[in-house]
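*Asks:* The structure follows.
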Amino acid sequence: MTDETHSPTPTCAVIVCTYTLERLSDLEACLDALAHQVRPPDETIVVVDHNAELEARLPPTVRSIPNAGPRWLSSARNTGLAATSADLVVFIDDDAVAEPAWLGELLAPFEDRRVAAVGGRIEPNWPTVRPEWFPPHLDWAVGCTNPGGPDRVTPVRNVFGASAAFRRRDLERVGGFPVDLGRVGADVAGCEETQVCIRIRQRAGTVVFAPRSVVHHRVTPGRASVRYVLRRCLGEGRSKARLACSVGGAEATSDERAYTVEIARAVATDTLAGLRSPRRLGRAAVLTAGLACASVGYATERVRIEGRRRWG
């Protein structure tokens with residue numbers, strides 16, 4: 001096993017989790033981009049989440065392994081983590097394409113020994129163009145970072161799973177990714193990366209955002225819909241309630257309080273702009289509905305959890 005403390009150049013493994021044949025062409029584009037990185041990974045591992053047909057379709061040049069646990073994104077990531085001894089482990093979604101400098105920029109902050117996790121910028125790759133009704137403040141709902149973030153390496157609460165790097169030892173010390181949070185297939189749950197990062201920060205590790213590390217995350221037509229976005233907001237609220245039960249409400253919603261203020265400002269801006277351009281009113285309406293769905297999801301899940309605790 002590699003000892004990073006005595007390794008002048010930490011080794012790096014990139015782990016790609018995949019689960020459906022429908023994304024095979026996306027996966028191929030992802031792997032092709034990884035093969036053309038300025039700083040190439042020392043190894044690339046594809047974890048196939050309970051899909052023998054997909055595993056059989058992968059080229060023999062790809063190191064692929066089956067998910068050793070239950071069908072779950074967190075479980076697949078943990079399988080990849082267990083399969084490598086690299087100092088740094090990096091996760092990228094199977095439908096994300098990295099720019100050539102992505103990996104080098106993502107790994108650069110680890111020169112600071114206090115840094116335990118780094119997240120990169122995730123840009124949406126729309127089916128055609130961004131829908132006029134889609135508020136930039138809801139880019140997270142399609143797995144992307146919201147625009148207007150910091151333009152330099154900056155401490156943050158958590159990374160996004162489509163572009164995230166960790167010191168392996170720190171990720172292992174917090175138990176890897178929680179299997180009681182996160183996605184199963186196309187489910188809309190989330191917050192597994194948030195819990196990992198909060199636990200890392202509780203152990204005095206630093207989590208940072210590297211804005212020059214960029215991937216382009218494909219947004220399918222089904223996700224570029226109001227229905228999906230509102231479902232995702234509802235699911236995020238429920239996930240945040242479960243997260244609050246494990247790490248505390250203050251930690252679980254620390255970023256969301258400031259985010260709510262930003263949403264209120266964005267709604268006001270779009271509403272005023274709607275006096276001249278009615279299409280902006282639609283964006284304000286979606287943003288307001290998204291916040292309402294997240295709030296309802298959080299409240300109902302907290303009630304459900306408290307009821308289960310009280311009555312068993």
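Labels used: A, B, ... for chains in the order of the structure tokens, numbers from 1 for residues in each chain, and numbers from 1 for ligands as shown.
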Excluding Val159 of chain A and any residue of its chain fewer than 3 positions from it, enumerate the residues within 10 Å of it, using only C-alpha atoms, and give them as a ChimeraX atom specification.
*Replies:* /A:117-121,145,156,162-166,193-194,196-197,207-210
*Asks:* Write out as a count of residues only the residues lying within 8 Å of segment 79-83 of chain A, counting only C-alpha atoms and excluding same-chain residues fewer than 6 positions away.
*Replies:* 10
*Asks:* Quick one: of A:Leu234, A:Leu275, A:Ile92, A:Ile263, who's nearest to Gly297 of chain A, counting only C-alpha atoms?
*Replies:*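 Nearest candidate to Gly297 of chain A out of A:Leu234, A:Leu275, A:Ile92, A:Ile263: A:Leu234.
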*Asks:* Of the candidates A:Glu172, A:Glu236, A:Glu28, A:Glu53, which shows the shortest atom-to-atom distance to Leu88 of chain A, using only C-alpha atoms?
*Replies:*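 Selected residue with least distance to Leu88 of chain A: A:Glu172.
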*Asks:* Taking 6 positions as the minimum chain separation for residues in the same chain, which residues sit within 9 Å of Leu31 of chain A when counting only C-alpha atoms? Answer as an MDAnalysis selection string.
*Replies:* chainID A and resid 16 44 62 94 97
*Asks:* Go through segment 168-264 of chain A residue by residue and, counting only C-alpha atoms, keep those with an atom at most 10 Å from segment 277-294 of chain A; for each kept residue give the shortest atom pair and its distance in Å to one decimal, ordered by chain and increasing number, as JSON lines.
*Replies:*
```
{"residue": "A:Val226", "atom": "CA", "partner": "A:Val286", "partner_atom": "CA", "distance": 7.3}
{"residue": "A:Arg227", "atom": "CA", "partner": "A:Val286", "partner_atom": "CA", "distance": 10.0}
{"residue": "A:Val229", "atom": "CA", "partner": "A:Gly290", "partner_atom": "CA", "distance": 7.3}
{"residue": "A:Leu230", "atom": "CA", "partner": "A:Gly290", "partner_atom": "CA", "distance": 5.4}
{"residue": "A:Arg231", "atom": "CA", "partner": "A:Cys293", "partner_atom": "CA", "distance": 7.8}
{"residue": "A:Arg232", "atom": "CA", "partner": "A:Ala294", "partner_atom": "CA", "distance": 8.4}
{"residue": "A:Cys233", "atom": "CA", "partner": "A:Ala294", "partner_atom": "CA", "distance": 4.8}
{"residue": "A:Leu234", "atom": "CA", "partner": "A:Ala294", "partner_atom": "CA", "distance": 4.6}
{"residue": "A:Gly235", "atom": "CA", "partner": "A:Ala294", "partner_atom": "CA", "distance": 7.2}
{"residue": "A:Glu236", "atom": "CA", "partner": "A:Ala294", "partner_atom": "CA", "distance": 6.2}
{"residue": "A:Gly237", "atom": "CA", "partner": "A:Ala294", "partner_atom": "CA", "distance": 4.2}
{"residue": "A:Arg238", "atom": "CA", "partner": "A:Ala294", "partner_atom": "CA", "distance": 7.5}
{"residue": "A:Ser239", "atom": "CA", "partner": "A:Ala294", "partner_atom": "CA", "distance": 9.5}
{"residue": "A:Lys240", "atom": "CA", "partner": "A:Ala294", "partner_atom": "CA", "distance": 8.9}
{"residue": "A:Thr260", "atom": "CA", "partner": "A:Leu291", "partner_atom": "CA", "distance": 7.9}
{"residue": "A:Ile263", "atom": "CA", "partner": "A:Leu287", "partner_atom": "CA", "distance": 7.3}
{"residue": "A:Ala264", "atom": "CA", "partner": "A:Thr288", "partner_atom": "CA", "distance": 8.3}
```
*Asks:* Could you jot down the atom CA of Pro150 of chain A to atom CA of Ile198 of chain A separation for me, Å, one decimal place?
*Replies:* 19.9 Å
*Asks:* Going by DSSP on the backbone, which bits of segment 148-180 of chain A are strand (DSSP E or B)? Write them as a VMD selection string, please.
*Replies:* chain A and resid 154 to 155 163 to 167
*Asks:* Take the residues from that selection and put them in a file with N, CA and C atoms, as a short mmCIF file (atom, residue, chain, number, x, y, z; two decimals), in the first residue's frame.
*Replies:*
```
data_model
loop_
_atom_site.label_atom_id
_atom_site.label_comp_id
_atom_site.auth_asym_id
_atom_site.auth_seq_id
_atom_site.Cartn_x
_atom_site.Cartn_y
_atom_site.Cartn_z
N THR A 154 -10.98 27.84 -3.04
CA THR A 154 -11.67 28.39 -1.88
C THR A 154 -12.24 27.27 -1.02
N PRO A 155 -12.15 27.37 0.31
CA PRO A 155 -12.80 26.37 1.17
C PRO A 155 -14.32 26.36 0.98
N SER A 163 -17.50 15.43 -9.91
CA SER A 163 -16.09 15.82 -10.03
C SER A 163 -15.55 16.06 -8.62
N ALA A 164 -15.01 15.02 -8.03
CA ALA A 164 -14.59 15.10 -6.63
C ALA A 164 -13.36 14.24 -6.39
N ALA A 165 -12.42 14.77 -5.61
CA ALA A 165 -11.20 14.05 -5.28
C ALA A 165 -11.01 14.04 -3.76
N PHE A 166 -10.46 12.93 -3.26
CA PHE A 166 -10.25 12.77 -1.82
C PHE A 166 -8.89 12.14 -1.56
N ARG A 167 -8.29 12.48 -0.42
CA ARG A 167 -7.19 11.66 0.07
C ARG A 167 -7.81 10.34 0.52
#
```
*Asks:* Just checking: using only C-alpha atoms, which residue out of A:Leu73, A:Ala52, A:Leu138, A:Leu103 ends up closest to His36 of chain A?
*Replies:*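 Answer, going by the shortest atom-to-atom distance: A:Leu103.
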